[in-house]
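structure.txt (compact mmCIF, C-alpha atoms) appears below.
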# COMPACT_ATOMS: atom_id res chain seq x y z
CA MET A 313 124.90 141.82 -114.87
CA SER A 314 121.97 140.74 -116.95
CA LEU A 315 122.26 140.29 -120.69
CA SER A 316 120.03 143.29 -121.33
CA LYS A 317 122.18 145.57 -119.14
CA ASN A 318 125.34 144.28 -120.78
CA LEU A 319 123.86 144.93 -124.24
CA ILE A 320 122.74 148.44 -123.25
CA ALA A 321 126.21 149.23 -121.92
CA GLY A 322 127.79 147.68 -125.03
CA LEU A 323 125.54 149.81 -127.21
CA GLY A 324 126.70 152.89 -125.32
CA GLY A 325 130.33 151.95 -125.93
CA ALA A 326 129.68 151.21 -129.60
CA ILE A 327 127.94 154.55 -130.11
CA ALA A 328 130.77 156.38 -128.31
CA LEU A 329 133.33 154.64 -130.55
CA ASN A 330 131.43 155.69 -133.67
CA ILE A 331 130.95 159.27 -132.51
CA LEU A 332 134.69 159.51 -131.87
CA HIS A 333 135.56 158.01 -135.24
CA GLU A 334 133.07 160.09 -137.20
CA SER A 335 134.14 163.29 -135.44
CA VAL A 336 137.83 163.04 -136.27
CA LYS A 337 138.18 160.88 -139.39
CA TYR A 338 138.91 163.88 -141.66
CA LYS A 339 141.17 165.79 -139.25
CA HIS A 340 144.44 164.37 -140.56
CA GLN A 341 145.59 161.99 -143.28
CA ASN A 342 146.70 159.42 -140.69
CA MET A 343 143.32 159.16 -138.99
CA PRO A 344 141.87 155.63 -139.13
CA ARG A 345 139.10 155.06 -141.64
CA VAL A 346 137.35 152.15 -140.00
CA ASP A 347 134.30 153.08 -142.07
CA LYS A 348 136.14 152.27 -145.32
CA LEU A 349 137.23 148.90 -143.95
CA GLY A 350 133.64 148.22 -142.89
CA GLU A 351 132.24 149.22 -146.27
CA GLU A 352 134.57 146.78 -148.00
CA ALA A 353 133.58 144.04 -145.54
CA ILE A 354 129.87 144.70 -146.13
CA GLN A 355 130.31 144.55 -149.91
CA LYS A 356 132.31 141.31 -149.72
CA GLY A 357 129.77 139.78 -147.35
CA ILE A 358 126.91 140.64 -149.67
CA GLU A 359 128.77 139.13 -152.63
CA LEU A 360 129.58 135.94 -150.68
CA ALA A 361 125.90 135.60 -149.85
CA GLY A 362 125.06 135.87 -153.55
CA GLY A 363 123.69 139.39 -153.37
CA THR A 364 124.36 142.49 -155.41
CA ARG A 365 126.80 145.16 -154.26
CA ILE A 366 125.33 148.31 -152.74
CA LYS A 367 125.88 151.01 -155.36
CA ASN A 368 124.39 153.95 -153.49
CA GLU A 369 127.18 155.42 -151.33
CA ARG A 370 124.82 156.81 -148.69
CA ARG A 371 123.06 153.48 -148.35
CA LEU A 372 126.40 151.68 -148.08
CA TYR A 373 127.57 154.14 -145.44
CA GLY A 374 124.35 153.74 -143.43
CA THR A 375 124.41 149.97 -143.68
CA THR A 376 128.04 149.91 -142.58
CA LEU A 377 127.42 152.23 -139.65
CA ALA A 378 124.46 150.17 -138.46
CA ALA A 379 126.39 146.90 -138.78
CA ASP A 380 129.34 148.42 -136.94
CA ILE A 381 127.19 149.63 -134.05
CA VAL A 382 125.38 146.30 -133.69
CA SER A 383 128.51 144.16 -133.92
CA ASN A 384 130.48 146.34 -131.51
CA ALA A 385 127.57 146.48 -129.07
CA VAL A 386 127.47 142.69 -128.96
CA TYR A 387 131.28 142.51 -128.64
CA TYR A 388 131.43 145.12 -125.87
CA SER A 389 128.57 143.44 -123.99
CA ALA A 390 131.04 140.69 -123.09
CA ILE A 391 132.73 143.17 -120.74
CA GLY A 392 129.90 142.72 -118.24
CA ALA A 393 129.73 138.93 -118.56
CA GLY A 394 130.25 137.26 -115.22
CA GLY A 395 129.45 140.37 -113.22
CA ILE A 396 130.94 143.73 -112.41
CA GLU A 397 134.09 142.38 -110.77
CA HIS A 398 137.16 143.14 -112.91
CA VAL A 399 135.05 145.10 -115.37
CA TRP A 400 137.86 147.64 -115.98
CA THR A 401 140.44 144.92 -116.60
CA LYS A 402 138.06 143.17 -118.99
CA ALA A 403 137.38 146.46 -120.76
CA VAL A 404 141.08 147.14 -121.29
CA ALA A 405 141.71 143.60 -122.51
CA LEU A 406 138.73 143.49 -124.88
CA GLY A 407 139.32 147.04 -126.10
CA ILE A 408 142.93 146.37 -127.00
CA ALA A 409 142.04 142.99 -128.50
CA GLY A 410 139.27 144.53 -130.62
CA GLY A 411 141.55 147.27 -131.90
CA ALA A 412 144.41 144.89 -132.56
CA GLY A 413 142.00 142.62 -134.44
CA ALA A 414 140.87 145.55 -136.59
CA VAL A 415 144.51 146.20 -137.50
CA ILE A 416 145.76 142.62 -137.88
CA LEU A 417 142.84 140.62 -139.29
CA PRO A 418 141.82 142.43 -142.52
CA PRO A 419 144.39 140.75 -144.81
CA PHE A 420 143.32 137.34 -143.50
CA MET A 421 139.73 138.24 -144.40
CA GLY A 422 140.62 139.36 -147.92
CA LEU A 423 140.23 143.04 -147.01
CA ASP A 424 142.53 145.97 -147.72
CA PRO A 425 144.08 146.91 -144.34
CA THR A 426 145.31 150.32 -145.53
CA PRO A 427 142.47 152.38 -143.96
CA VAL A 428 143.61 151.23 -140.49
CA THR A 429 147.30 150.48 -141.09
CA ARG A 430 148.44 153.47 -143.17
CA SER A 431 150.95 154.52 -140.50
CA THR A 432 151.99 153.72 -136.95
CA THR A 433 149.77 156.60 -135.86
CA THR A 434 146.81 155.12 -137.73
CA LYS A 435 147.34 151.72 -136.14
CA SER A 436 147.70 153.20 -132.65
CA LEU A 437 144.59 155.34 -133.03
CA THR A 438 142.59 152.36 -134.28
CA VAL A 439 143.48 150.40 -131.15
CA GLY A 440 142.79 153.50 -129.06
CA TYR A 441 139.31 153.93 -130.54
CA TYR A 442 138.31 150.39 -129.61
CA LEU A 443 139.82 150.82 -126.15
CA PHE A 444 137.81 154.04 -125.75
CA GLY A 445 134.54 152.25 -126.63
CA ALA A 446 135.35 149.47 -124.17
CA LEU A 447 136.11 151.94 -121.37
CA VAL A 448 132.82 153.76 -122.01
CA THR A 449 131.07 150.40 -121.76
CA ALA A 450 132.80 149.70 -118.43
CA ALA A 451 131.82 153.14 -117.14
CA ILE A 452 128.17 152.52 -118.05
CA LEU A 453 128.26 149.11 -116.34
CA ALA A 454 129.83 150.64 -113.22
CA GLY A 455 127.14 153.34 -113.23
CA ILE A 456 124.37 150.77 -113.51
CA ASP A 457 125.94 148.80 -110.65
CA ARG A 458 126.13 151.91 -108.42
CA ALA A 459 122.52 152.82 -109.22
CA GLU A 460 121.34 149.31 -108.39
CA ALA A 461 123.31 149.31 -105.11
CA LYS A 462 121.44 152.45 -103.99
CA ARG A 463 118.06 150.73 -104.32

Can I see the file as structure tokens?
Amino acid sequence: MSLSKNLIAGLGGAIALNILHESVKYKHQNMPRVDKLGEEAIQKGIELAGGTRIKNERRLYGTTLAADIVSNAVYYSAIGAGGIEHVWTKAVALGIAGGAGAVILPPFMGLDPTPVTRSTTTKSLTVGYYLFGALVTAAILAGIDRAEAKR
């Protein structure tokens, strides 16, 4: 697959991940709050770069959401690297790895892991969200491949 097709598919997976997260984040106290983790990461990144913290909550939320979609789109685009062969296996591997990274890495980055590690359910759902986004990416790539084969 071409880079542009991989990025488009990755964008689809990233958007699907964010729609899922945003739709259910208030449903139960054990739902992951990846947005809170992202907001903290954005604030720390701005400070490390010598900037001033974002004080407006809506602006911080929007900045975080945009950064999350872009970074996940680029990450998920790797699923199509090297072609369509094994795309589902790559999606499962990268989805689980992305979710596990979201759960395991925050303390090593100086971030509070609580929004994604509050309970076993929270941790499992966090991994599941990233797996979901990866599988959506694989489905988009498979659809593109089928459409191209019909030409």

Could you check how far CA of Glu352 (chain A) sits from CA of Asp424 (chain A), in Å to one decimal?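 CA of Glu352 (chain A) sits 8.0 Å away from CA of Asp424 (chain A).
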
Pick out the closest residue to Leu329 (chain A) from this set: A:Ile452, A:Ile381, A:Leu417, A:Met313. Count only C-alpha atoms.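 Going through A:Ile452, A:Ile381, A:Leu417, A:Met313 one by one, the smallest distance to Leu329 (chain A) is for A:Ile381.
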
Would you mind telling me which residue in A:Val336, A:Val386, A:Val439, A:Ala405 lies nearest to Asn318 (chain A) when using only C-alpha atoms?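 Using only C-alpha atoms, Asn318 (chain A) sits closest to A:Val386.
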
Could you please determine the separation between CA of Leu406 (chain A) and CA of Pro427 (chain A) in Å, to one decimal place?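 CA of Pro427 (chain A) lies 21.4 Å from CA of Leu406 (chain A).
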
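Of the listed residues (A:Arg345, A:Arg458, A:Arg365, A:Tyr388), A:Arg345 comes nearest to Arg430 (chain A); the distances count all atoms listed in the file.
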
Would you mind writing region 353-364 of chain A with all heavy atoms, as an mmCIF file, in the coordinates of the input?
data_model
loop_
_atom_site.group_PDB
_atom_site.id
_atom_site.type_symbol
_atom_site.label_atom_id
_atom_site.label_comp_id
_atom_site.auth_asym_id
_atom_site.auth_seq_id
_atom_site.Cartn_x
_atom_site.Cartn_y
_atom_site.Cartn_z
ATOM 1 N N ALA A 353 134.046 145.295 -146.142
ATOM 2 C CA ALA A 353 133.580 144.040 -145.540
ATOM 3 C C ALA A 353 132.104 143.789 -145.852
ATOM 4 O O ALA A 353 131.716 142.656 -146.169
ATOM 5 C CB ALA A 353 133.794 144.077 -144.026
ATOM 6 N N ILE A 354 131.291 144.836 -145.796
ATOM 7 C CA ILE A 354 129.870 144.700 -146.130
ATOM 8 C C ILE A 354 129.712 144.249 -147.582
ATOM 9 O O ILE A 354 128.961 143.309 -147.879
ATOM 10 C CB ILE A 354 129.114 146.025 -145.894
ATOM 11 C CG1 ILE A 354 129.009 146.345 -144.406
ATOM 12 C CG2 ILE A 354 127.738 146.017 -146.560
ATOM 13 C CD1 ILE A 354 128.064 145.478 -143.618
ATOM 14 N N GLN A 355 130.420 144.897 -148.482
ATOM 15 C CA GLN A 355 130.310 144.550 -149.910
ATOM 16 C C GLN A 355 130.742 143.094 -150.150
ATOM 17 O O GLN A 355 130.055 142.361 -150.869
ATOM 18 C CB GLN A 355 131.153 145.495 -150.779
ATOM 19 C CG GLN A 355 130.678 146.936 -150.757
ATOM 20 C CD GLN A 355 129.396 147.183 -151.537
ATOM 21 O OE1 GLN A 355 128.473 146.381 -151.551
ATOM 22 N NE2 GLN A 355 129.330 148.337 -152.176
ATOM 23 N N LYS A 356 131.848 142.692 -149.541
ATOM 24 C CA LYS A 356 132.310 141.310 -149.720
ATOM 25 C C LYS A 356 131.323 140.308 -149.129
ATOM 26 O O LYS A 356 131.077 139.246 -149.700
ATOM 27 C CB LYS A 356 133.696 141.121 -149.127
ATOM 28 C CG LYS A 356 134.765 141.768 -149.976
ATOM 29 C CD LYS A 356 136.123 141.224 -149.655
ATOM 30 C CE LYS A 356 137.103 141.945 -150.555
ATOM 31 N NZ LYS A 356 137.982 141.088 -151.237
ATOM 32 N N GLY A 357 130.760 140.652 -147.977
ATOM 33 C CA GLY A 357 129.770 139.780 -147.350
ATOM 34 C C GLY A 357 128.533 139.598 -148.203
ATOM 35 O O GLY A 357 128.007 138.493 -148.344
ATOM 36 N N ILE A 358 128.078 140.697 -148.785
ATOM 37 C CA ILE A 358 126.910 140.640 -149.670
ATOM 38 C C ILE A 358 127.208 139.762 -150.880
ATOM 39 O O ILE A 358 126.398 138.921 -151.274
ATOM 40 C CB ILE A 358 126.488 142.060 -150.111
ATOM 41 C CG1 ILE A 358 125.883 142.808 -148.930
ATOM 42 C CG2 ILE A 358 125.509 142.004 -151.282
ATOM 43 C CD1 ILE A 358 125.648 144.284 -149.181
ATOM 44 N N GLU A 359 128.391 139.940 -151.466
ATOM 45 C CA GLU A 359 128.770 139.130 -152.630
ATOM 46 C C GLU A 359 128.865 137.652 -152.271
ATOM 47 O O GLU A 359 128.402 136.792 -153.023
ATOM 48 C CB GLU A 359 130.107 139.622 -153.196
ATOM 49 C CG GLU A 359 130.007 140.949 -153.914
ATOM 50 C CD GLU A 359 131.353 141.470 -154.370
ATOM 51 O OE1 GLU A 359 132.395 140.830 -154.115
ATOM 52 O OE2 GLU A 359 131.369 142.555 -154.986
ATOM 53 N N LEU A 360 129.464 137.340 -151.106
ATOM 54 C CA LEU A 360 129.580 135.940 -150.680
ATOM 55 C C LEU A 360 128.220 135.301 -150.467
ATOM 56 O O LEU A 360 128.056 134.101 -150.670
ATOM 57 C CB LEU A 360 130.422 135.841 -149.405
ATOM 58 C CG LEU A 360 131.920 136.019 -149.581
ATOM 59 C CD1 LEU A 360 132.616 136.113 -148.224
ATOM 60 C CD2 LEU A 360 132.511 134.869 -150.392
ATOM 61 N N ALA A 361 127.255 136.110 -150.067
ATOM 62 C CA ALA A 361 125.900 135.600 -149.850
ATOM 63 C C ALA A 361 125.096 135.536 -151.148
ATOM 64 O O ALA A 361 123.928 135.164 -151.142
ATOM 65 C CB ALA A 361 125.175 136.471 -148.827
ATOM 66 N N GLY A 362 125.725 135.932 -152.266
ATOM 67 C CA GLY A 362 125.060 135.870 -153.550
ATOM 68 C C GLY A 362 124.259 137.103 -153.897
ATOM 69 O O GLY A 362 123.489 137.096 -154.859
ATOM 70 N N GLY A 363 124.436 138.157 -153.122
ATOM 71 C CA GLY A 363 123.690 139.390 -153.370
ATOM 72 C C GLY A 363 124.423 140.327 -154.320
ATOM 73 O O GLY A 363 125.505 140.024 -154.820
ATOM 74 N N THR A 364 123.819 141.461 -154.531
ATOM 75 C CA THR A 364 124.360 142.490 -155.410
ATOM 76 C C THR A 364 124.961 143.604 -154.565
ATOM 77 O O THR A 364 124.366 144.029 -153.571
ATOM 78 C CB THR A 364 123.239 143.084 -156.298
ATOM 79 O OG1 THR A 364 122.613 142.018 -157.002
ATOM 80 C CG2 THR A 364 123.788 144.095 -157.272
#
